[in-house]
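With mmCIF, N, CA and C atoms inside, this is query.cif:
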data_protein
loop_
_atom_site.label_atom_id
_atom_site.label_comp_id
_atom_site.auth_asym_id
_atom_site.auth_seq_id
_atom_site.Cartn_x
_atom_site.Cartn_y
_atom_site.Cartn_z
N MET A 176 -21.57 -23.99 14.13
CA MET A 176 -20.15 -24.20 13.94
C MET A 176 -19.91 -25.17 12.78
N ASP A 177 -20.79 -26.14 12.58
CA ASP A 177 -20.62 -27.10 11.48
C ASP A 177 -20.60 -26.40 10.13
N VAL A 178 -21.48 -25.40 9.95
CA VAL A 178 -21.52 -24.65 8.70
C VAL A 178 -20.22 -23.87 8.53
N PHE A 179 -19.76 -23.24 9.60
CA PHE A 179 -18.53 -22.46 9.59
C PHE A 179 -17.35 -23.34 9.21
N VAL A 180 -17.15 -24.43 9.93
CA VAL A 180 -16.01 -25.31 9.69
C VAL A 180 -16.14 -26.02 8.34
N GLY A 181 -17.36 -26.33 7.92
CA GLY A 181 -17.57 -26.99 6.64
C GLY A 181 -17.15 -26.14 5.47
N ARG A 182 -17.13 -24.83 5.63
CA ARG A 182 -16.74 -23.93 4.55
C ARG A 182 -15.25 -23.62 4.57
N LEU A 183 -14.55 -24.13 5.56
CA LEU A 183 -13.15 -23.78 5.78
C LEU A 183 -12.23 -24.38 4.73
N ASP A 184 -11.40 -23.54 4.16
CA ASP A 184 -10.26 -23.95 3.35
C ASP A 184 -9.07 -23.68 4.26
N PRO A 185 -8.49 -24.71 4.87
CA PRO A 185 -7.48 -24.50 5.91
C PRO A 185 -6.30 -23.63 5.48
N GLU A 186 -6.03 -23.53 4.21
CA GLU A 186 -4.91 -22.71 3.77
C GLU A 186 -5.32 -21.26 3.56
N MET A 187 -6.59 -20.93 3.73
CA MET A 187 -7.08 -19.60 3.42
C MET A 187 -7.89 -19.02 4.58
N CYS A 188 -7.25 -18.78 5.67
CA CYS A 188 -7.91 -18.24 6.85
C CYS A 188 -7.16 -16.97 7.25
N VAL A 189 -7.88 -15.84 7.33
CA VAL A 189 -7.27 -14.58 7.74
C VAL A 189 -7.81 -14.21 9.11
N VAL A 190 -6.90 -13.83 10.00
CA VAL A 190 -7.28 -13.38 11.34
C VAL A 190 -6.96 -11.89 11.44
N THR A 191 -7.91 -11.13 11.98
CA THR A 191 -7.67 -9.71 12.20
C THR A 191 -7.85 -9.38 13.67
N ALA A 192 -7.14 -8.35 14.09
CA ALA A 192 -7.20 -7.89 15.48
C ALA A 192 -7.20 -6.37 15.48
N ALA A 193 -7.83 -5.79 16.48
CA ALA A 193 -7.84 -4.34 16.64
C ALA A 193 -7.74 -4.02 18.13
N ALA A 194 -6.81 -3.13 18.47
CA ALA A 194 -6.64 -2.72 19.87
C ALA A 194 -5.80 -1.45 19.91
N GLY A 195 -6.11 -0.58 20.85
CA GLY A 195 -5.31 0.62 21.04
C GLY A 195 -5.16 1.49 19.81
N GLY A 196 -6.19 1.53 18.97
CA GLY A 196 -6.15 2.34 17.77
C GLY A 196 -5.37 1.71 16.62
N GLU A 197 -4.93 0.48 16.80
CA GLU A 197 -4.21 -0.24 15.74
C GLU A 197 -5.06 -1.37 15.20
N ARG A 198 -4.83 -1.69 13.92
CA ARG A 198 -5.46 -2.85 13.28
C ARG A 198 -4.35 -3.70 12.69
N ALA A 199 -4.55 -4.99 12.68
CA ALA A 199 -3.58 -5.90 12.07
C ALA A 199 -4.32 -7.12 11.58
N GLY A 200 -3.72 -7.81 10.62
CA GLY A 200 -4.31 -9.03 10.11
C GLY A 200 -3.29 -9.84 9.36
N CYS A 201 -3.48 -11.16 9.37
CA CYS A 201 -2.53 -12.03 8.69
C CYS A 201 -3.22 -13.31 8.21
N LEU A 202 -2.62 -13.92 7.21
CA LEU A 202 -3.04 -15.23 6.75
C LEU A 202 -2.54 -16.23 7.77
N VAL A 203 -3.38 -17.17 8.17
CA VAL A 203 -3.03 -18.13 9.20
C VAL A 203 -2.85 -19.51 8.59
N GLY A 204 -1.77 -20.17 8.96
CA GLY A 204 -1.51 -21.51 8.45
C GLY A 204 -2.10 -22.61 9.29
N PHE A 205 -2.37 -22.33 10.55
CA PHE A 205 -2.87 -23.36 11.45
C PHE A 205 -4.09 -22.85 12.20
N SER A 206 -5.20 -23.57 12.08
CA SER A 206 -6.44 -23.25 12.80
C SER A 206 -7.28 -24.51 12.88
N SER A 207 -8.17 -24.54 13.88
CA SER A 207 -8.98 -25.75 14.07
C SER A 207 -10.11 -25.49 15.06
N GLN A 208 -11.17 -26.26 14.93
CA GLN A 208 -12.17 -26.29 15.98
C GLN A 208 -11.53 -27.04 17.14
N CYS A 209 -11.67 -26.51 18.35
CA CYS A 209 -10.99 -27.12 19.48
C CYS A 209 -11.95 -27.53 20.60
N SER A 210 -13.24 -27.24 20.47
CA SER A 210 -14.20 -27.62 21.49
C SER A 210 -15.59 -27.67 20.87
N ILE A 211 -16.38 -28.62 21.34
CA ILE A 211 -17.76 -28.74 20.87
C ILE A 211 -18.69 -27.97 21.78
N ARG A 212 -18.57 -28.17 23.09
CA ARG A 212 -19.39 -27.43 24.06
C ARG A 212 -18.50 -26.89 25.15
N PRO A 213 -18.29 -25.62 25.23
CA PRO A 213 -18.80 -24.62 24.29
C PRO A 213 -18.04 -24.70 22.97
N VAL A 214 -18.67 -24.21 21.92
CA VAL A 214 -18.05 -24.21 20.61
C VAL A 214 -16.89 -23.21 20.63
N ARG A 215 -15.70 -23.70 20.26
CA ARG A 215 -14.53 -22.83 20.23
C ARG A 215 -13.68 -23.17 19.01
N PHE A 216 -13.00 -22.15 18.53
CA PHE A 216 -12.14 -22.27 17.36
C PHE A 216 -10.80 -21.65 17.74
N VAL A 217 -9.70 -22.26 17.37
CA VAL A 217 -8.38 -21.77 17.75
C VAL A 217 -7.56 -21.46 16.51
N VAL A 218 -6.75 -20.40 16.60
CA VAL A 218 -5.80 -20.06 15.55
C VAL A 218 -4.44 -19.87 16.21
N TRP A 219 -3.40 -20.23 15.47
CA TRP A 219 -2.05 -20.04 15.97
C TRP A 219 -1.42 -18.88 15.21
N LEU A 220 -0.89 -17.91 15.96
CA LEU A 220 -0.24 -16.74 15.37
C LEU A 220 1.24 -16.77 15.69
N SER A 221 2.07 -16.43 14.73
CA SER A 221 3.51 -16.36 14.95
C SER A 221 3.85 -15.18 15.86
N GLU A 222 4.72 -15.41 16.82
CA GLU A 222 5.16 -14.35 17.71
C GLU A 222 5.90 -13.24 16.97
N ALA A 223 6.43 -13.56 15.80
CA ALA A 223 7.17 -12.57 15.00
C ALA A 223 6.24 -11.67 14.20
N ASN A 224 4.96 -11.99 14.19
CA ASN A 224 3.97 -11.30 13.36
C ASN A 224 3.39 -10.11 14.10
N ARG A 225 3.19 -9.00 13.39
CA ARG A 225 2.56 -7.81 13.99
C ARG A 225 1.16 -8.13 14.52
N THR A 226 0.44 -8.99 13.84
CA THR A 226 -0.90 -9.37 14.29
C THR A 226 -0.85 -9.99 15.68
N PHE A 227 0.18 -10.75 15.97
CA PHE A 227 0.35 -11.34 17.30
C PHE A 227 0.43 -10.24 18.36
N ARG A 228 1.19 -9.20 18.07
CA ARG A 228 1.36 -8.11 19.04
C ARG A 228 0.05 -7.36 19.28
N VAL A 229 -0.68 -7.06 18.22
CA VAL A 229 -1.96 -6.35 18.37
C VAL A 229 -2.98 -7.27 19.03
N ALA A 230 -3.00 -8.53 18.66
CA ALA A 230 -3.96 -9.50 19.21
C ALA A 230 -3.81 -9.64 20.72
N GLY A 231 -2.60 -9.48 21.22
CA GLY A 231 -2.38 -9.60 22.66
C GLY A 231 -3.17 -8.58 23.47
N ASP A 232 -3.49 -7.45 22.87
CA ASP A 232 -4.26 -6.40 23.55
C ASP A 232 -5.73 -6.35 23.13
N ALA A 233 -6.10 -7.17 22.16
CA ALA A 233 -7.48 -7.15 21.64
C ALA A 233 -8.42 -7.96 22.54
N ASP A 234 -9.67 -7.51 22.63
CA ASP A 234 -10.69 -8.25 23.37
C ASP A 234 -11.16 -9.47 22.59
N VAL A 235 -11.24 -9.34 21.27
CA VAL A 235 -11.69 -10.43 20.40
C VAL A 235 -10.85 -10.42 19.12
N LEU A 236 -10.83 -11.54 18.44
CA LEU A 236 -10.22 -11.65 17.12
C LEU A 236 -11.31 -12.00 16.14
N ALA A 237 -11.14 -11.60 14.90
CA ALA A 237 -12.08 -11.99 13.85
C ALA A 237 -11.38 -13.01 12.96
N VAL A 238 -12.03 -14.15 12.74
CA VAL A 238 -11.51 -15.19 11.87
C VAL A 238 -12.32 -15.16 10.58
N HIS A 239 -11.64 -15.02 9.46
CA HIS A 239 -12.29 -14.89 8.16
C HIS A 239 -11.92 -16.09 7.29
N LEU A 240 -12.93 -16.76 6.80
CA LEU A 240 -12.70 -17.89 5.91
C LEU A 240 -12.80 -17.40 4.48
N LEU A 241 -11.77 -17.68 3.69
CA LEU A 241 -11.73 -17.24 2.31
C LEU A 241 -12.01 -18.41 1.38
N ALA A 242 -12.70 -18.12 0.31
CA ALA A 242 -12.91 -19.11 -0.73
C ALA A 242 -11.63 -19.21 -1.56
N ARG A 243 -11.46 -20.31 -2.25
CA ARG A 243 -10.24 -20.52 -3.04
C ARG A 243 -10.01 -19.41 -4.06
N GLU A 244 -11.09 -18.84 -4.59
CA GLU A 244 -10.92 -17.79 -5.61
C GLU A 244 -10.55 -16.43 -5.02
N GLN A 245 -10.46 -16.29 -3.72
CA GLN A 245 -10.11 -15.02 -3.09
C GLN A 245 -8.59 -14.92 -2.86
N ARG A 246 -7.86 -15.30 -3.86
CA ARG A 246 -6.40 -15.33 -3.79
C ARG A 246 -5.81 -13.94 -3.50
N GLY A 247 -6.38 -12.90 -4.09
CA GLY A 247 -5.86 -11.55 -3.87
C GLY A 247 -5.91 -11.15 -2.41
N LEU A 248 -7.00 -11.45 -1.74
CA LEU A 248 -7.14 -11.14 -0.32
C LEU A 248 -6.14 -11.95 0.50
N ALA A 249 -5.97 -13.22 0.14
CA ALA A 249 -4.99 -14.07 0.83
C ALA A 249 -3.57 -13.54 0.61
N GLU A 250 -3.27 -13.10 -0.59
CA GLU A 250 -1.93 -12.58 -0.88
C GLU A 250 -1.66 -11.28 -0.13
N LEU A 251 -2.67 -10.42 -0.03
CA LEU A 251 -2.50 -9.17 0.71
C LEU A 251 -2.19 -9.45 2.17
N PHE A 252 -2.98 -10.30 2.82
CA PHE A 252 -2.79 -10.55 4.24
C PHE A 252 -1.68 -11.55 4.54
N GLY A 253 -1.27 -12.32 3.53
CA GLY A 253 -0.19 -13.27 3.74
C GLY A 253 1.14 -12.81 3.19
N GLY A 254 1.13 -11.86 2.28
CA GLY A 254 2.36 -11.46 1.61
C GLY A 254 2.86 -10.08 1.95
N GLN A 255 2.07 -9.30 2.67
CA GLN A 255 2.47 -7.94 3.04
C GLN A 255 2.61 -7.87 4.56
N THR A 256 3.51 -7.04 5.04
CA THR A 256 3.63 -6.84 6.48
C THR A 256 2.92 -5.57 6.89
N GLY A 257 2.16 -5.66 7.96
CA GLY A 257 1.46 -4.50 8.49
C GLY A 257 2.39 -3.47 9.08
N ASP A 258 3.67 -3.84 9.25
CA ASP A 258 4.65 -2.87 9.73
C ASP A 258 4.95 -1.83 8.67
N ARG A 259 4.69 -2.16 7.38
CA ARG A 259 4.98 -1.24 6.27
C ARG A 259 3.76 -0.86 5.45
N VAL A 260 2.72 -1.69 5.47
CA VAL A 260 1.55 -1.50 4.61
C VAL A 260 0.28 -1.50 5.45
N ASP A 261 -0.60 -0.53 5.20
CA ASP A 261 -1.93 -0.55 5.84
C ASP A 261 -2.82 -1.44 4.97
N LYS A 262 -2.89 -2.70 5.31
CA LYS A 262 -3.67 -3.67 4.53
C LYS A 262 -5.14 -3.28 4.46
N PHE A 263 -5.64 -2.65 5.50
CA PHE A 263 -7.05 -2.30 5.57
C PHE A 263 -7.42 -1.16 4.63
N ALA A 264 -6.42 -0.44 4.14
CA ALA A 264 -6.67 0.62 3.16
C ALA A 264 -7.01 0.03 1.79
N HIS A 265 -6.76 -1.27 1.61
CA HIS A 265 -6.97 -1.93 0.32
C HIS A 265 -8.20 -2.82 0.29
N VAL A 266 -8.96 -2.87 1.39
CA VAL A 266 -10.14 -3.74 1.47
C VAL A 266 -11.30 -3.00 2.13
N ARG A 267 -12.50 -3.52 1.90
CA ARG A 267 -13.66 -3.02 2.64
C ARG A 267 -13.71 -3.76 3.96
N TRP A 268 -13.87 -3.01 5.04
CA TRP A 268 -13.95 -3.62 6.36
C TRP A 268 -14.86 -2.76 7.23
N ARG A 269 -15.28 -3.35 8.32
CA ARG A 269 -16.12 -2.62 9.27
C ARG A 269 -15.74 -3.04 10.68
N GLN A 270 -16.11 -2.21 11.63
CA GLN A 270 -15.90 -2.57 13.02
C GLN A 270 -17.01 -3.51 13.46
N GLY A 271 -16.64 -4.61 14.04
CA GLY A 271 -17.61 -5.61 14.47
C GLY A 271 -17.66 -5.73 15.98
N TYR A 272 -18.22 -6.82 16.43
CA TYR A 272 -18.36 -7.12 17.86
C TYR A 272 -17.02 -6.96 18.58
N GLY A 273 -17.05 -6.28 19.71
CA GLY A 273 -15.86 -6.11 20.53
C GLY A 273 -14.77 -5.27 19.89
N GLY A 274 -15.12 -4.53 18.83
CA GLY A 274 -14.15 -3.70 18.15
C GLY A 274 -13.35 -4.42 17.08
N ALA A 275 -13.72 -5.66 16.80
CA ALA A 275 -12.99 -6.45 15.80
C ALA A 275 -13.05 -5.81 14.43
N ALA A 276 -11.98 -5.95 13.67
CA ALA A 276 -11.93 -5.49 12.28
C ALA A 276 -12.43 -6.63 11.40
N VAL A 277 -13.61 -6.45 10.81
CA VAL A 277 -14.25 -7.51 10.02
C VAL A 277 -14.10 -7.21 8.53
N LEU A 278 -13.52 -8.14 7.80
CA LEU A 278 -13.35 -7.98 6.35
C LEU A 278 -14.67 -8.30 5.68
N GLU A 279 -15.22 -7.33 4.96
CA GLU A 279 -16.54 -7.51 4.37
C GLU A 279 -16.55 -8.48 3.19
N GLU A 280 -15.41 -8.71 2.55
CA GLU A 280 -15.37 -9.61 1.39
C GLU A 280 -15.17 -11.07 1.77
N ALA A 281 -14.90 -11.35 3.03
CA ALA A 281 -14.69 -12.74 3.45
C ALA A 281 -16.00 -13.52 3.32
N ARG A 282 -15.90 -14.78 2.96
CA ARG A 282 -17.09 -15.62 2.76
C ARG A 282 -17.77 -15.98 4.08
N ALA A 283 -16.99 -16.11 5.12
CA ALA A 283 -17.56 -16.45 6.44
C ALA A 283 -16.63 -15.93 7.52
#
Let me see the structure of the file written as structure tokens.
Amino acid sequence: MDVFVGRLDPEMCVVTAAAGGERAGCLVGFSSQCSIRPVRFVVWLSEANRTFRVAGDADVLAVHLLAREQRGLAELFGGQTGDRVDKFAHVRWRQGYGGAAVLEEARA
């Protein structure tokens, strides 16, 4: 967890969720390590966000840490709404543990 959190740029964290055949993702403004044992990480999602709705039915969420130079990825997930745009059509991603949508370009 130290390596994960050490690489964190708090303004550049994307969370993705997948459930019921839907995928969603958004740039997150608030996230933090919240427990040492067991190691846990928390993100806050806006109730108005589509990602919040999909995340409610997801078994797991994927948290992606972006480097400062990954502005395009941050702008896509922070500036577009999944209600109108399939963000995943513009990035490489794969299905991960628990069905999570994992962005392959994320640094961590």
**Message:** Can you translate the PyMOL selection byres ((chain A and resi 190) around 6) into the concrete residues it hits in this file, as a list in words?
**Reply:** Cys188, Val189, Thr191, Ala192, Ala199, Gly200, Cys201, Leu202, Val203, Ala237, Val238 and His239 of chain A
Could those selected residues go to a file with N, CA and C atoms, as a PDB file, in the frame of the given file?
ATOM      1  N   CYS A 188      -7.250 -18.780   5.670  1.00  0.00           N
ATOM      2  CA  CYS A 188      -7.910 -18.240   6.850  1.00  0.00           C
ATOM      3  C   CYS A 188      -7.160 -16.970   7.250  1.00  0.00           C
ATOM      4  N   VAL A 189      -7.880 -15.840   7.330  1.00  0.00           N
ATOM      5  CA  VAL A 189      -7.270 -14.580   7.740  1.00  0.00           C
ATOM      6  C   VAL A 189      -7.810 -14.210   9.110  1.00  0.00           C
ATOM      7  N   THR A 191      -7.910 -11.130  11.980  1.00  0.00           N
ATOM      8  CA  THR A 191      -7.670  -9.710  12.200  1.00  0.00           C
ATOM      9  C   THR A 191      -7.850  -9.380  13.670  1.00  0.00           C
ATOM     10  N   ALA A 192      -7.140  -8.350  14.090  1.00  0.00           N
ATOM     11  CA  ALA A 192      -7.200  -7.890  15.480  1.00  0.00           C
ATOM     12  C   ALA A 192      -7.200  -6.370  15.480  1.00  0.00           C
ATOM     13  N   ALA A 199      -4.550  -4.990  12.680  1.00  0.00           N
ATOM     14  CA  ALA A 199      -3.580  -5.900  12.070  1.00  0.00           C
ATOM     15  C   ALA A 199      -4.320  -7.120  11.580  1.00  0.00           C
ATOM     16  N   GLY A 200      -3.720  -7.810  10.620  1.00  0.00           N
ATOM     17  CA  GLY A 200      -4.310  -9.030  10.110  1.00  0.00           C
ATOM     18  C   GLY A 200      -3.290  -9.840   9.360  1.00  0.00           C
ATOM     19  N   CYS A 201      -3.480 -11.160   9.370  1.00  0.00           N
ATOM     20  CA  CYS A 201      -2.530 -12.030   8.690  1.00  0.00           C
ATOM     21  C   CYS A 201      -3.220 -13.310   8.210  1.00  0.00           C
ATOM     22  N   LEU A 202      -2.620 -13.920   7.210  1.00  0.00           N
ATOM     23  CA  LEU A 202      -3.040 -15.230   6.750  1.00  0.00           C
ATOM     24  C   LEU A 202      -2.540 -16.230   7.770  1.00  0.00           C
ATOM     25  N   VAL A 203      -3.380 -17.170   8.170  1.00  0.00           N
ATOM     26  CA  VAL A 203      -3.030 -18.130   9.200  1.00  0.00           C
ATOM     27  C   VAL A 203      -2.850 -19.510   8.590  1.00  0.00           C
ATOM     28  N   ALA A 237     -11.140 -11.600  14.900  1.00  0.00           N
ATOM     29  CA  ALA A 237     -12.080 -11.990  13.850  1.00  0.00           C
ATOM     30  C   ALA A 237     -11.380 -13.010  12.960  1.00  0.00           C
ATOM     31  N   VAL A 238     -12.030 -14.150  12.740  1.00  0.00           N
ATOM     32  CA  VAL A 238     -11.510 -15.190  11.870  1.00  0.00           C
ATOM     33  C   VAL A 238     -12.320 -15.160  10.580  1.00  0.00           C
ATOM     34  N   HIS A 239     -11.640 -15.020   9.460  1.00  0.00           N
ATOM     35  CA  HIS A 239     -12.290 -14.890   8.160  1.00  0.00           C
ATOM     36  C   HIS A 239     -11.920 -16.090   7.290  1.00  0.00           C
TER      37      HIS A 239
END
**Item:** DSSP alpha helix (DSSP H) residues within segment 183-279 of chain A, listed as a PyMOL selection string
**Value:** chain A and resi 225-230+246-254
**Item:** Given the PyMOL selection byres (((chain A and resi 225-236 and name CA) around 12) and name CA), the residues it picks as a PyMOL selection string
**Value:** chain A and resi 189-203+216-224+237-239+252-253+255-262+270-278
**Message:** For a test of reading the model, state the distance in Å between atom CA of Arg269 of chain A and atom CA of Ser210 of chain A, rounded to one decimal.
**Reply:** 27.9 Å
**Message:** If I take atom CA of Gly254 of chain A and atom CA of Phe205 of chain A, how far is one from the other in Å, to one decimal?
**Reply:** 16.3 Å
**Asked** What gap, in Å, lies between atom N of Arg246 of chain A and atom N of Ser206 of chain A?
**Response**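 Separating atom N of Arg246 of chain A from atom N of Ser206 of chain A is a distance of 18.2 Å.
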**Request:** Name the residues of chain A that fall into strand (DSSP E or B) according to DSSP on the backbone, using the chain letters and numbers of this document, as a ChimeraX atom specification.
**Result:** /A:188-194,197-203,206-210,215-218,236-240,268-270,276-278
